[in-house]
Amino acid sequence: MLPSQPLLQAVVFTLAVLQALASDTFIAAVYEHAVILPDVSDEPISPDDALALMNKNMDVLEEAIKEAAQQGAHIIVTPEDGIYGWRFTREAIYPYLEDIPDPAVNWIPCTDPLSHGTTAVTCVFHLGFLHLLDDEKPCNSSDPSCPSDGRYQYNTDVAFDPEGKLVARYHKYNLFISEAQFNYPKKPEAVTFETPFGKFGIFTCFDILFHEPAVVLVSELQVDTVLFPTAWMNVLPFLTAVEFHSAWAMGMGVNFLAANTHYTNISMTGSGIYAPDGARTYYYNMKTEDGRLLIAELDSHPRLSPTFPPAVNWSSYALTVKRFSQNDHDFRGLIFHDWFTFTELTKPEGNLTVCQKDLCCHLSYKMARKQEDEVYVLGAFDGLHVVEGQYYLQICTLLKCKSTDLNTCGQPVEMAQTKFEMFSLSGTFGTNYIFPEVLYSGVQLALGEFEVLNDGRLISKTRPTKPVVTVTLFGRWYEKD
């Protein structure tokens, strides 16, 4: 249970690291948490009331941690915003904050909670753990960037070793537009720490769409496993949590432990344990308000695994292909505020090409049986996305339209009936940061049913067992942001 003394903290993500010897594999757990939310108010509540709310959520999280430990888990990840929610102004979140010291202080908060100006940090079962906290740092007029209220407020990851000692701290750099209660650090932080089962890195939610710190952790610092607390709102057809997070793990070649909050009113659900060769387990549920504990085994050093995917030249095949078709009937369609160029799949099998700017997308396909009331298109987008963040995208996609009206192509679709015998998708990408997605009807992942060839083709490995919602190569061209 939580300590009884007053507590000014906001734990939104927990990683418990149990004692373990060095091992080739480890057991990972993530918990999708249905957060008990505070009443909506712009006014700060008392520290005691903040503690009471956090205690309610921590009671649930403690049970998840206990169950994971009983099942042999070495790590458990719980979500961003996981013990208080997200309904806060800058002033209203203040009672949940505390000043988190630098890891160099050699601090064990469970035994020494007061020595660094903090009132307390949760101790769970005497295990090592990692929390994501909201951190506040006082500042004054000598700092020209100091906010008017005299403090920086950060969305913060904090890692502890198995003895409970603080070993890492990360301040979220890429804040979502609704996070006005927080400041971003002056420089992006690339934070890692060593465990008996590999090198770990940490970043949070919206960070995943940007080069720093996410790509730096993998490409330059060579982490084996990424810990990812999130409060992710699903956006079809490309940015549902389980779809994009599993694709990022595959595209970057790392283990990825994603813990989402569960709040269906704003489409928050979708957690998973992902490896470079596909999802080990995942959870997506828009029908109930239940949390879920996921547990799976991962390779400690996935780059050394015989199943590690080969290096991919993402444009190799596509650059050798002449246009499959002349496409007299290309048309435009909107996906999440971006204008795609589409061409319709008018036959049950064939080869198609669609281009936008420098990106040409090639598709070979065969449908098992084309449903007369369902329309599929091949789409291409090559441009700067500027809504809810700014980032440059190159996307090739096969997707189902919402109806037979072509004006609905690109609108969110969860269900489909058309099955494919095969598909092969490629594109003339200008970036090598490509994330392969295959999403089946009902927002289900295509576990083990597709692969990426080293020439850049995303292909069906077996006959798809479920109807297809989308097959997508989602590219990020960071240099053009």
# chains A, B, ... in the order shown; residues from 1 in each chain; ligands from 1
>>> residues_around(residues="Thr264 in chain A", least_positions_apart="3", cutoff="10 Å", atoms="only C-alpha atoms", output="JSON, numbers by chain")
{"A": [34, 233, 234, 261, 267, 268, 269, 285, 286, 287, 288, 289, 290]}
>>> write_last_selection(atoms="all heavy atoms", output="mmCIF file, in the first residue's frame")
data_model
loop_
_atom_site.group_PDB
_atom_site.id
_atom_site.type_symbol
_atom_site.label_atom_id
_atom_site.label_comp_id
_atom_site.auth_asym_id
_atom_site.auth_seq_id
_atom_site.Cartn_x
_atom_site.Cartn_y
_atom_site.Cartn_z
ATOM 1 N N ALA A 34 -7.748 1.043 -16.654
ATOM 2 C CA ALA A 34 -8.928 1.907 -16.722
ATOM 3 C C ALA A 34 -8.836 2.893 -15.561
ATOM 4 O O ALA A 34 -9.190 2.573 -14.421
ATOM 5 C CB ALA A 34 -10.206 1.079 -16.646
ATOM 6 N N MET A 233 -4.802 7.853 -28.102
ATOM 7 C CA MET A 233 -6.125 7.865 -28.714
ATOM 8 C C MET A 233 -6.024 7.289 -30.120
ATOM 9 O O MET A 233 -5.286 7.813 -30.958
ATOM 10 C CB MET A 233 -6.676 9.299 -28.749
ATOM 11 C CG MET A 233 -6.985 9.858 -27.379
ATOM 12 S SD MET A 233 -7.568 11.570 -27.413
ATOM 13 C CE MET A 233 -6.028 12.436 -27.736
ATOM 14 N N ASN A 234 -6.764 6.237 -30.382
ATOM 15 C CA ASN A 234 -6.657 5.540 -31.660
ATOM 16 C C ASN A 234 -7.209 6.366 -32.808
ATOM 17 O O ASN A 234 -8.264 6.984 -32.692
ATOM 18 C CB ASN A 234 -7.400 4.204 -31.590
ATOM 19 C CG ASN A 234 -6.722 3.237 -30.647
ATOM 20 O OD1 ASN A 234 -5.572 2.882 -30.830
ATOM 21 N ND2 ASN A 234 -7.444 2.810 -29.614
ATOM 22 N N THR A 261 -3.541 3.642 -21.449
ATOM 23 C CA THR A 261 -4.711 3.812 -20.600
ATOM 24 C C THR A 261 -5.928 3.251 -21.324
ATOM 25 O O THR A 261 -5.921 3.071 -22.543
ATOM 26 C CB THR A 261 -4.938 5.292 -20.270
ATOM 27 O OG1 THR A 261 -5.004 6.032 -21.492
ATOM 28 C CG2 THR A 261 -3.829 5.841 -19.423
ATOM 29 N N SER A 267 -11.502 6.879 -27.259
ATOM 30 C CA SER A 267 -10.811 5.865 -28.076
ATOM 31 C C SER A 267 -9.434 5.505 -27.540
ATOM 32 O O SER A 267 -8.504 5.272 -28.314
ATOM 33 C CB SER A 267 -10.701 6.334 -29.539
ATOM 34 O OG SER A 267 -11.973 6.508 -30.102
ATOM 35 N N MET A 268 -9.296 5.461 -26.215
ATOM 36 C CA MET A 268 -8.036 5.028 -25.619
ATOM 37 C C MET A 268 -8.117 3.546 -25.271
ATOM 38 O O MET A 268 -8.855 3.149 -24.366
ATOM 39 C CB MET A 268 -7.723 5.827 -24.360
ATOM 40 C CG MET A 268 -7.176 7.208 -24.605
ATOM 41 S SD MET A 268 -6.769 8.000 -23.020
ATOM 42 C CE MET A 268 -6.093 9.565 -23.598
ATOM 43 N N THR A 269 -7.406 2.731 -26.000
ATOM 44 C CA THR A 269 -7.191 1.329 -25.695
ATOM 45 C C THR A 269 -6.105 0.835 -26.641
ATOM 46 O O THR A 269 -5.850 1.445 -27.668
ATOM 47 C CB THR A 269 -8.466 0.483 -25.854
ATOM 48 O OG1 THR A 269 -8.183 -0.882 -25.478
ATOM 49 C CG2 THR A 269 -8.969 0.484 -27.287
ATOM 50 N N ASN A 285 -9.745 -3.287 -26.894
ATOM 51 C CA ASN A 285 -11.114 -3.546 -26.470
ATOM 52 C C ASN A 285 -11.871 -2.241 -26.329
ATOM 53 O O ASN A 285 -11.655 -1.481 -25.394
ATOM 54 C CB ASN A 285 -11.114 -4.298 -25.131
ATOM 55 C CG ASN A 285 -12.516 -4.585 -24.621
ATOM 56 O OD1 ASN A 285 -13.517 -4.318 -25.282
ATOM 57 N ND2 ASN A 285 -12.593 -5.135 -23.425
ATOM 58 N N MET A 286 -12.770 -1.985 -27.277
ATOM 59 C CA MET A 286 -13.614 -0.796 -27.226
ATOM 60 C C MET A 286 -15.005 -1.104 -26.684
ATOM 61 O O MET A 286 -15.869 -0.230 -26.647
ATOM 62 C CB MET A 286 -13.726 -0.188 -28.624
ATOM 63 C CG MET A 286 -12.502 0.580 -29.083
ATOM 64 S SD MET A 286 -12.284 2.128 -28.173
ATOM 65 C CE MET A 286 -13.685 3.075 -28.798
ATOM 66 N N LYS A 287 -15.239 -2.352 -26.239
ATOM 67 C CA LYS A 287 -16.587 -2.757 -25.843
ATOM 68 C C LYS A 287 -16.827 -2.656 -24.342
ATOM 69 O O LYS A 287 -17.971 -2.538 -23.905
ATOM 70 C CB LYS A 287 -16.848 -4.191 -26.307
ATOM 71 C CG LYS A 287 -16.843 -4.342 -27.826
ATOM 72 C CD LYS A 287 -17.086 -5.782 -28.237
ATOM 73 C CE LYS A 287 -17.081 -5.924 -29.752
ATOM 74 N NZ LYS A 287 -17.283 -7.343 -30.171
ATOM 75 N N THR A 288 -15.782 -2.757 -23.542
ATOM 76 C CA THR A 288 -15.931 -2.689 -22.092
ATOM 77 C C THR A 288 -14.933 -1.699 -21.520
ATOM 78 O O THR A 288 -14.065 -1.190 -22.233
ATOM 79 C CB THR A 288 -15.697 -4.068 -21.441
ATOM 80 O OG1 THR A 288 -14.293 -4.388 -21.503
ATOM 81 C CG2 THR A 288 -16.493 -5.154 -22.142
ATOM 82 N N GLU A 289 -15.038 -1.449 -20.232
ATOM 83 C CA GLU A 289 -14.110 -0.538 -19.558
ATOM 84 C C GLU A 289 -13.147 -1.313 -18.659
ATOM 85 O O GLU A 289 -12.762 -0.848 -17.588
ATOM 86 C CB GLU A 289 -14.890 0.498 -18.747
ATOM 87 C CG GLU A 289 -15.701 1.460 -19.607
ATOM 88 C CD GLU A 289 -14.863 2.178 -20.664
ATOM 89 O OE1 GLU A 289 -13.734 2.607 -20.341
ATOM 90 O OE2 GLU A 289 -15.333 2.288 -21.805
ATOM 91 N N ASP A 290 -12.742 -2.471 -19.105
ATOM 92 C CA ASP A 290 -11.876 -3.331 -18.310
ATOM 93 C C ASP A 290 -10.407 -3.108 -18.635
ATOM 94 O O ASP A 290 -10.034 -2.938 -19.800
ATOM 95 C CB ASP A 290 -12.205 -4.806 -18.562
ATOM 96 C CG ASP A 290 -13.639 -5.150 -18.189
ATOM 97 O OD1 ASP A 290 -14.146 -4.527 -17.232
ATOM 98 O OD2 ASP A 290 -14.235 -6.021 -18.848
#
>>> select_by_dssp(residues="range 198-347 of chain A", states="strand (DSSP E)", output="compact mmCIF listing (two decimals) with all heavy atoms, in the first residue's frame")
# COMPACT_ATOMS: atom_id res chain seq x y z
N GLY A 198 19.43 -6.96 -20.86
CA GLY A 198 19.65 -6.06 -21.97
C GLY A 198 19.61 -4.59 -21.60
O GLY A 198 19.37 -4.20 -20.45
N LYS A 199 19.85 -3.76 -22.60
CA LYS A 199 19.88 -2.31 -22.45
C LYS A 199 18.49 -1.75 -22.75
O LYS A 199 17.92 -2.04 -23.81
CB LYS A 199 20.92 -1.71 -23.39
CG LYS A 199 21.16 -0.22 -23.21
CD LYS A 199 22.27 0.23 -24.16
CE LYS A 199 22.64 1.69 -23.96
NZ LYS A 199 23.74 2.11 -24.87
N PHE A 200 17.99 -0.93 -21.84
CA PHE A 200 16.63 -0.40 -21.96
C PHE A 200 16.66 1.10 -22.23
O PHE A 200 17.52 1.82 -21.71
CB PHE A 200 15.85 -0.66 -20.67
CG PHE A 200 15.32 -2.06 -20.53
CD1 PHE A 200 16.13 -3.15 -20.74
CD2 PHE A 200 14.00 -2.28 -20.19
CE1 PHE A 200 15.64 -4.43 -20.60
CE2 PHE A 200 13.49 -3.56 -20.05
CZ PHE A 200 14.32 -4.64 -20.26
N GLY A 201 15.70 1.56 -22.99
CA GLY A 201 15.49 2.98 -23.22
C GLY A 201 14.04 3.34 -22.92
O GLY A 201 13.16 2.47 -22.93
N ILE A 202 13.81 4.62 -22.68
CA ILE A 202 12.48 5.08 -22.28
C ILE A 202 12.08 6.30 -23.11
O ILE A 202 12.87 7.23 -23.29
CB ILE A 202 12.44 5.51 -20.80
CG1 ILE A 202 13.15 4.51 -19.90
CG2 ILE A 202 11.01 5.74 -20.34
CD1 ILE A 202 13.43 5.04 -18.51
N THR A 225 15.49 -2.91 -25.73
CA THR A 225 14.07 -2.87 -25.37
C THR A 225 13.67 -1.43 -25.06
O THR A 225 14.39 -0.72 -24.37
CB THR A 225 13.79 -3.76 -24.15
OG1 THR A 225 14.11 -5.11 -24.47
CG2 THR A 225 12.33 -3.68 -23.73
N VAL A 226 12.52 -1.03 -25.58
CA VAL A 226 11.96 0.29 -25.31
C VAL A 226 10.75 0.14 -24.39
O VAL A 226 9.89 -0.72 -24.61
CB VAL A 226 11.53 0.99 -26.61
CG1 VAL A 226 10.71 2.25 -26.31
CG2 VAL A 226 12.75 1.35 -27.45
N LEU A 227 10.71 0.98 -23.36
CA LEU A 227 9.58 1.05 -22.44
C LEU A 227 8.73 2.25 -22.82
O LEU A 227 9.24 3.37 -22.94
CB LEU A 227 10.08 1.20 -21.01
CG LEU A 227 11.18 0.20 -20.62
CD1 LEU A 227 11.73 0.52 -19.25
CD2 LEU A 227 10.65 -1.21 -20.68
N PHE A 228 7.44 2.01 -22.99
CA PHE A 228 6.60 3.02 -23.64
C PHE A 228 5.28 3.19 -22.89
O PHE A 228 4.30 2.52 -23.17
CB PHE A 228 6.34 2.60 -25.08
CG PHE A 228 5.57 3.59 -25.90
CD1 PHE A 228 6.14 4.80 -26.28
CD2 PHE A 228 4.27 3.31 -26.32
CE1 PHE A 228 5.44 5.71 -27.05
CE2 PHE A 228 3.55 4.22 -27.09
CZ PHE A 228 4.14 5.42 -27.46
N PRO A 229 5.23 4.12 -21.94
CA PRO A 229 3.95 4.48 -21.33
C PRO A 229 3.20 5.43 -22.26
O PRO A 229 3.80 6.33 -22.86
CB PRO A 229 4.37 5.19 -20.05
CG PRO A 229 5.67 5.84 -20.41
CD PRO A 229 6.35 4.91 -21.39
N THR A 230 1.89 5.25 -22.36
CA THR A 230 1.16 6.08 -23.31
C THR A 230 -0.28 6.27 -22.85
O THR A 230 -0.84 5.45 -22.13
CB THR A 230 1.20 5.46 -24.72
OG1 THR A 230 0.59 6.33 -25.66
CG2 THR A 230 0.52 4.10 -24.76
N ASN A 255 12.57 -4.73 -29.09
CA ASN A 255 11.43 -5.05 -28.24
C ASN A 255 10.74 -3.76 -27.83
O ASN A 255 11.39 -2.73 -27.62
CB ASN A 255 11.89 -5.79 -26.98
CG ASN A 255 12.55 -7.11 -27.27
OD1 ASN A 255 12.17 -7.82 -28.20
ND2 ASN A 255 13.54 -7.47 -26.45
N PHE A 256 9.42 -3.83 -27.67
CA PHE A 256 8.66 -2.62 -27.39
C PHE A 256 7.52 -2.98 -26.44
O PHE A 256 6.64 -3.77 -26.78
CB PHE A 256 8.11 -2.05 -28.70
CG PHE A 256 7.64 -0.63 -28.62
CD1 PHE A 256 8.56 0.41 -28.69
CD2 PHE A 256 6.29 -0.34 -28.52
CE1 PHE A 256 8.13 1.74 -28.63
CE2 PHE A 256 5.86 0.98 -28.46
CZ PHE A 256 6.78 2.02 -28.52
N LEU A 257 7.57 -2.41 -25.23
CA LEU A 257 6.56 -2.69 -24.21
C LEU A 257 5.65 -1.48 -24.08
O LEU A 257 6.05 -0.45 -23.53
CB LEU A 257 7.22 -3.00 -22.86
CG LEU A 257 8.36 -4.02 -22.86
CD1 LEU A 257 8.81 -4.31 -21.43
CD2 LEU A 257 7.97 -5.29 -23.57
N ALA A 258 4.44 -1.59 -24.60
CA ALA A 258 3.52 -0.45 -24.69
C ALA A 258 2.34 -0.66 -23.75
O ALA A 258 1.59 -1.64 -23.88
CB ALA A 258 3.02 -0.29 -26.12
N ALA A 259 2.18 0.25 -22.80
CA ALA A 259 1.06 0.21 -21.86
C ALA A 259 0.19 1.44 -22.06
O ALA A 259 0.64 2.57 -21.85
CB ALA A 259 1.57 0.15 -20.42
N ASN A 260 -1.04 1.22 -22.44
CA ASN A 260 -1.97 2.32 -22.73
C ASN A 260 -2.99 2.45 -21.60
O ASN A 260 -3.27 1.49 -20.87
CB ASN A 260 -2.70 2.04 -24.04
CG ASN A 260 -3.30 3.29 -24.68
OD1 ASN A 260 -3.14 4.40 -24.17
ND2 ASN A 260 -3.99 3.12 -25.79
N SER A 271 -2.75 -2.03 -25.93
CA SER A 271 -1.45 -2.25 -25.30
C SER A 271 -0.86 -3.52 -25.88
O SER A 271 -1.57 -4.37 -26.42
CB SER A 271 -1.60 -2.38 -23.78
OG SER A 271 -2.19 -1.24 -23.23
N GLY A 272 0.47 -3.67 -25.74
CA GLY A 272 1.06 -4.87 -26.28
C GLY A 272 2.51 -5.06 -25.90
O GLY A 272 3.18 -4.14 -25.42
N ILE A 273 2.97 -6.28 -26.13
CA ILE A 273 4.37 -6.66 -25.98
C ILE A 273 4.83 -7.10 -27.35
O ILE A 273 4.37 -8.10 -27.89
CB ILE A 273 4.54 -7.78 -24.95
CG1 ILE A 273 4.04 -7.30 -23.57
CG2 ILE A 273 6.00 -8.21 -24.87
CD1 ILE A 273 3.98 -8.40 -22.53
N TYR A 274 5.74 -6.31 -27.95
CA TYR A 274 6.10 -6.48 -29.36
C TYR A 274 7.58 -6.79 -29.50
O TYR A 274 8.41 -6.23 -28.80
CB TYR A 274 5.75 -5.22 -30.15
CG TYR A 274 4.34 -4.73 -29.94
CD1 TYR A 274 4.09 -3.54 -29.25
CD2 TYR A 274 3.26 -5.45 -30.40
CE1 TYR A 274 2.80 -3.09 -29.04
CE2 TYR A 274 1.95 -5.01 -30.20
CZ TYR A 274 1.72 -3.82 -29.51
OH TYR A 274 0.43 -3.39 -29.31
N ALA A 275 7.89 -7.67 -30.44
CA ALA A 275 9.27 -8.02 -30.79
C ALA A 275 9.52 -7.59 -32.23
O ALA A 275 8.58 -7.27 -32.97
CB ALA A 275 9.49 -9.52 -30.63
N GLY A 278 7.35 -9.40 -34.73
CA GLY A 278 5.90 -9.37 -34.57
C GLY A 278 5.46 -9.30 -33.13
O GLY A 278 6.26 -9.40 -32.19
N ALA A 279 4.16 -9.15 -32.94
CA ALA A 279 3.59 -9.03 -31.60
C ALA A 279 3.63 -10.36 -30.87
O ALA A 279 3.30 -11.40 -31.44
CB ALA A 279 2.15 -8.53 -31.69
N ARG A 280 4.02 -10.31 -29.60
CA ARG A 280 3.94 -11.49 -28.75
C ARG A 280 2.55 -11.62 -28.13
O ARG A 280 2.01 -12.70 -27.97
CB ARG A 280 5.00 -11.44 -27.65
CG ARG A 280 6.42 -11.54 -28.16
CD ARG A 280 6.70 -12.95 -28.68
NE ARG A 280 8.10 -13.10 -29.07
CZ ARG A 280 8.56 -12.93 -30.30
NH1 ARG A 280 7.71 -12.61 -31.28
NH2 ARG A 280 9.84 -13.07 -30.57
N THR A 281 1.98 -10.49 -27.75
CA THR A 281 0.61 -10.44 -27.24
C THR A 281 0.14 -9.00 -27.29
O THR A 281 0.95 -8.07 -27.24
CB THR A 281 0.52 -11.00 -25.80
OG1 THR A 281 -0.84 -11.01 -25.38
CG2 THR A 281 1.33 -10.16 -24.82
N TYR A 282 -1.18 -8.80 -27.39
CA TYR A 282 -1.71 -7.43 -27.41
C TYR A 282 -3.15 -7.45 -26.95
O TYR A 282 -3.79 -8.50 -26.86
CB TYR A 282 -1.58 -6.81 -28.80
CG TYR A 282 -2.51 -7.40 -29.85
CD1 TYR A 282 -3.72 -6.78 -30.16
CD2 TYR A 282 -2.19 -8.56 -30.53
CE1 TYR A 282 -4.58 -7.30 -31.12
CE2 TYR A 282 -3.04 -9.10 -31.49
CZ TYR A 282 -4.23 -8.47 -31.78
OH TYR A 282 -5.09 -9.00 -32.72
N TYR A 283 -3.67 -6.25 -26.67
CA TYR A 283 -5.04 -6.10 -26.17
C TYR A 283 -5.65 -4.85 -26.79
O TYR A 283 -5.06 -3.77 -26.76
CB TYR A 283 -5.02 -5.97 -24.64
CG TYR A 283 -6.35 -5.72 -23.99
CD1 TYR A 283 -7.35 -6.70 -23.98
CD2 TYR A 283 -6.62 -4.52 -23.32
CE1 TYR A 283 -8.57 -6.48 -23.35
CE2 TYR A 283 -7.83 -4.30 -22.68
CZ TYR A 283 -8.80 -5.29 -22.70
OH TYR A 283 -10.00 -5.07 -22.07
N ARG A 292 -6.43 -4.78 -18.48
CA ARG A 292 -5.93 -6.10 -18.85
C ARG A 292 -4.43 -6.20 -18.61
O ARG A 292 -3.67 -5.29 -18.97
CB ARG A 292 -6.23 -6.37 -20.33
CG ARG A 292 -5.70 -7.70 -20.87
CD ARG A 292 -6.40 -8.90 -20.26
NE ARG A 292 -7.80 -8.94 -20.60
CZ ARG A 292 -8.28 -9.56 -21.69
NH1 ARG A 292 -7.44 -10.16 -22.52
NH2 ARG A 292 -9.57 -9.57 -21.93
N LEU A 293 -4.02 -7.30 -18.00
CA LEU A 293 -2.61 -7.61 -17.81
C LEU A 293 -2.16 -8.53 -18.94
O LEU A 293 -2.80 -9.54 -19.22
CB LEU A 293 -2.40 -8.30 -16.46
CG LEU A 293 -0.98 -8.77 -16.15
CD1 LEU A 293 -0.04 -7.58 -15.98
CD2 LEU A 293 -0.97 -9.66 -14.90
N LEU A 294 -1.04 -8.16 -19.57
CA LEU A 294 -0.44 -8.96 -20.64
C LEU A 294 0.94 -9.41 -20.21
O LEU A 294 1.71 -8.63 -19.64
CB LEU A 294 -0.33 -8.15 -21.93
CG LEU A 294 -1.62 -7.56 -22.50
CD1 LEU A 294 -1.30 -6.68 -23.71
CD2 LEU A 294 -2.60 -8.65 -22.89
N ILE A 295 1.29 -10.65 -20.51
CA ILE A 295 2.59 -11.21 -20.15
C ILE A 295 3.11 -12.03 -21.32
O ILE A 295 2.37 -12.79 -21.94
CB ILE A 295 2.50 -12.08 -18.88
CG1 ILE A 295 2.07 -11.24 -17.69
CG2 ILE A 295 3.83 -12.77 -18.59
CD1 ILE A 295 1.90 -12.01 -16.40
N ALA A 296 4.40 -11.87 -21.63
CA ALA A 296 5.01 -12.63 -22.73
C ALA A 296 6.52 -12.68 -22.54
O ALA A 296 7.11 -11.85 -21.85
CB ALA A 296 4.68 -12.00 -24.08
N GLU A 297 7.14 -13.66 -23.19
CA GLU A 297 8.60 -13.82 -23.14
C GLU A 297 9.23 -13.14 -24.35
O GLU A 297 8.72 -13.21 -25.46
CB GLU A 297 8.96 -15.30 -23.13
CG GLU A 297 10.45 -15.56 -22.93
CD GLU A 297 10.78 -17.04 -22.80
OE1 GLU A 297 10.05 -17.86 -23.40
OE2 GLU A 297 11.74 -17.38 -22.08
N LEU A 298 10.37 -12.48 -24.12
CA LEU A 298 11.10 -11.78 -25.16
C LEU A 298 12.58 -12.16 -25.11
O LEU A 298 13.11 -12.52 -24.05
CB LEU A 298 10.99 -10.26 -24.99
CG LEU A 298 9.62 -9.63 -25.23
CD1 LEU A 298 9.63 -8.18 -24.75
CD2 LEU A 298 9.24 -9.69 -26.71
N ASP A 299 13.24 -12.04 -26.24
CA ASP A 299 14.70 -12.18 -26.28
C ASP A 299 15.34 -10.96 -25.63
O ASP A 299 14.95 -9.82 -25.91
CB ASP A 299 15.20 -12.31 -27.72
CG ASP A 299 14.78 -13.62 -28.37
OD1 ASP A 299 14.82 -14.65 -27.68
OD2 ASP A 299 14.43 -13.60 -29.56
N PHE A 331 -7.96 9.57 -57.97
CA PHE A 331 -8.75 10.60 -57.32
C PHE A 331 -8.14 10.91 -55.96
O PHE A 331 -7.29 10.17 -55.46
CB PHE A 331 -10.22 10.17 -57.17
CG PHE A 331 -10.42 8.96 -56.30
CD1 PHE A 331 -10.81 9.08 -54.97
CD2 PHE A 331 -10.25 7.67 -56.82
CE1 PHE A 331 -11.00 7.97 -54.17
CE2 PHE A 331 -10.46 6.54 -56.02
CZ PHE A 331 -10.84 6.69 -54.69
N ARG A 332 -8.57 12.02 -55.36
CA ARG A 332 -8.04 12.44 -54.07
C ARG A 332 -8.97 12.02 -52.94
O ARG A 332 -10.18 11.98 -53.11
CB ARG A 332 -7.86 13.96 -54.03
CG ARG A 332 -6.81 14.49 -54.98
CD ARG A 332 -6.21 15.79 -54.47
NE ARG A 332 -7.19 16.77 -54.02
CZ ARG A 332 -6.91 17.82 -53.24
NH1 ARG A 332 -5.67 18.01 -52.83
NH2 ARG A 332 -7.84 18.68 -52.89
N GLY A 333 -8.36 11.74 -51.79
CA GLY A 333 -9.14 11.41 -50.61
C GLY A 333 -8.39 11.85 -49.37
O GLY A 333 -7.15 11.92 -49.35
N LEU A 334 -9.12 12.14 -48.30
CA LEU A 334 -8.54 12.70 -47.09
C LEU A 334 -8.39 11.63 -46.02
O LEU A 334 -9.35 10.91 -45.70
CB LEU A 334 -9.44 13.83 -46.58
CG LEU A 334 -8.85 14.89 -45.66
CD1 LEU A 334 -7.71 15.64 -46.34
CD2 LEU A 334 -9.94 15.87 -45.22
N ILE A 335 -7.18 11.50 -45.48
CA ILE A 335 -6.93 10.62 -44.34
C ILE A 335 -6.28 11.46 -43.25
O ILE A 335 -5.14 11.93 -43.42
CB ILE A 335 -6.03 9.43 -44.69
CG1 ILE A 335 -6.64 8.58 -45.81
CG2 ILE A 335 -5.78 8.57 -43.45
CD1 ILE A 335 -5.79 7.38 -46.19
N ASP A 338 -4.77 14.71 -44.34
CA ASP A 338 -3.78 14.66 -45.42
C ASP A 338 -4.44 14.18 -46.71
O ASP A 338 -5.18 13.18 -46.71
CB ASP A 338 -2.62 13.72 -45.06
CG ASP A 338 -1.85 14.18 -43.85
OD1 ASP A 338 -1.66 15.40 -43.69
OD2 ASP A 338 -1.43 13.32 -43.04
N TRP A 339 -4.16 14.87 -47.83
CA TRP A 339 -4.76 14.53 -49.11
C TRP A 339 -3.94 13.46 -49.82
O TRP A 339 -2.83 13.70 -50.28
CB TRP A 339 -4.89 15.76 -50.00
CG TRP A 339 -6.00 16.68 -49.56
CD1 TRP A 339 -5.88 17.87 -48.91
CD2 TRP A 339 -7.39 16.46 -49.74
NE1 TRP A 339 -7.12 18.41 -48.66
CE2 TRP A 339 -8.08 17.57 -49.17
CE3 TRP A 339 -8.16 15.44 -50.34
CZ2 TRP A 339 -9.47 17.68 -49.17
CZ3 TRP A 339 -9.55 15.55 -50.33
CH2 TRP A 339 -10.19 16.66 -49.76
N PHE A 340 -4.50 12.26 -49.88
CA PHE A 340 -3.89 11.13 -50.57
C PHE A 340 -4.33 11.09 -52.03
O PHE A 340 -5.40 11.59 -52.39
CB PHE A 340 -4.31 9.82 -49.90
CG PHE A 340 -3.53 9.46 -48.67
CD1 PHE A 340 -3.58 10.27 -47.53
CD2 PHE A 340 -2.75 8.32 -48.64
CE1 PHE A 340 -2.87 9.93 -46.39
CE2 PHE A 340 -2.03 7.97 -47.50
CZ PHE A 340 -2.08 8.79 -46.38
N THR A 341 -3.51 10.46 -52.85
CA THR A 341 -3.90 10.10 -54.21
C THR A 341 -4.29 8.62 -54.20
O THR A 341 -3.49 7.77 -53.78
CB THR A 341 -2.76 10.33 -55.20
OG1 THR A 341 -2.36 11.71 -55.14
CG2 THR A 341 -3.20 10.00 -56.62
N PHE A 342 -5.51 8.32 -54.68
CA PHE A 342 -6.04 6.95 -54.65
C PHE A 342 -6.29 6.43 -56.05
O PHE A 342 -6.56 7.21 -56.98
CB PHE A 342 -7.38 6.91 -53.89
CG PHE A 342 -7.27 7.11 -52.41
CD1 PHE A 342 -8.13 7.99 -51.77
CD2 PHE A 342 -6.35 6.40 -51.65
CE1 PHE A 342 -8.07 8.17 -50.39
CE2 PHE A 342 -6.28 6.57 -50.27
CZ PHE A 342 -7.14 7.45 -49.65
N THR A 343 -6.27 5.12 -56.18
CA THR A 343 -6.82 4.44 -57.34
C THR A 343 -7.55 3.20 -56.85
O THR A 343 -7.11 2.53 -55.91
CB THR A 343 -5.74 4.08 -58.38
OG1 THR A 343 -6.37 3.63 -59.58
CG2 THR A 343 -4.80 3.00 -57.88
N GLU A 344 -8.70 2.91 -57.46
CA GLU A 344 -9.56 1.83 -56.99
C GLU A 344 -9.10 0.46 -57.50
O GLU A 344 -8.62 0.33 -58.63
CB GLU A 344 -11.00 2.08 -57.44
CG GLU A 344 -11.99 1.05 -56.93
CD GLU A 344 -13.41 1.28 -57.42
OE1 GLU A 344 -13.63 2.30 -58.12
OE2 GLU A 344 -14.28 0.45 -57.13
>>> closest_residue(among="A:Ser460, A:Thr78, A:Thr195, A:Thr465", to="His262 in chain A", atoms="only C-alpha atoms")
A:Thr78
>>> residues_around(residues="Ile208 in chain A", least_positions_apart="4", cutoff="12 Å", atoms="only C-alpha atoms", output="PyMOL selection string")
chain A and resi 172-176+202-204+212-218+226-230+232+239+241+244-249+252+256+258+391+435+476+478
>>> closest_residue(among="A:Lys165, A:His211, A:Lys56, A:Arg90", to="Arg151 in chain A", atoms="only C-alpha atoms")
A:Arg90
>>> residues_around(residues="Lys137 in chain A", least_positions_apart="2", cutoff="8 Å", atoms="only C-alpha atoms", output="list in words")
Asp99, Asp135, Cys139, Arg151, Tyr152 and Gln153 of chain A
>>> residues_around(residues="range 368-382 of chain A", least_positions_apart="4", cutoff="9 Å", atoms="only C-alpha atoms", output="JSON, numbers by chain")
{"A": [332, 333, 338, 339, 340, 341, 342, 343, 344, 345, 346, 347, 348, 349, 352, 353, 354, 355, 356, 357, 358, 359, 360, 361, 362, 363, 392, 393, 394, 395, 396, 397, 398, 399, 400, 401, 402, 403, 404, 405, 406, 409, 416, 417, 418, 419, 420, 421, 422, 427, 469]}
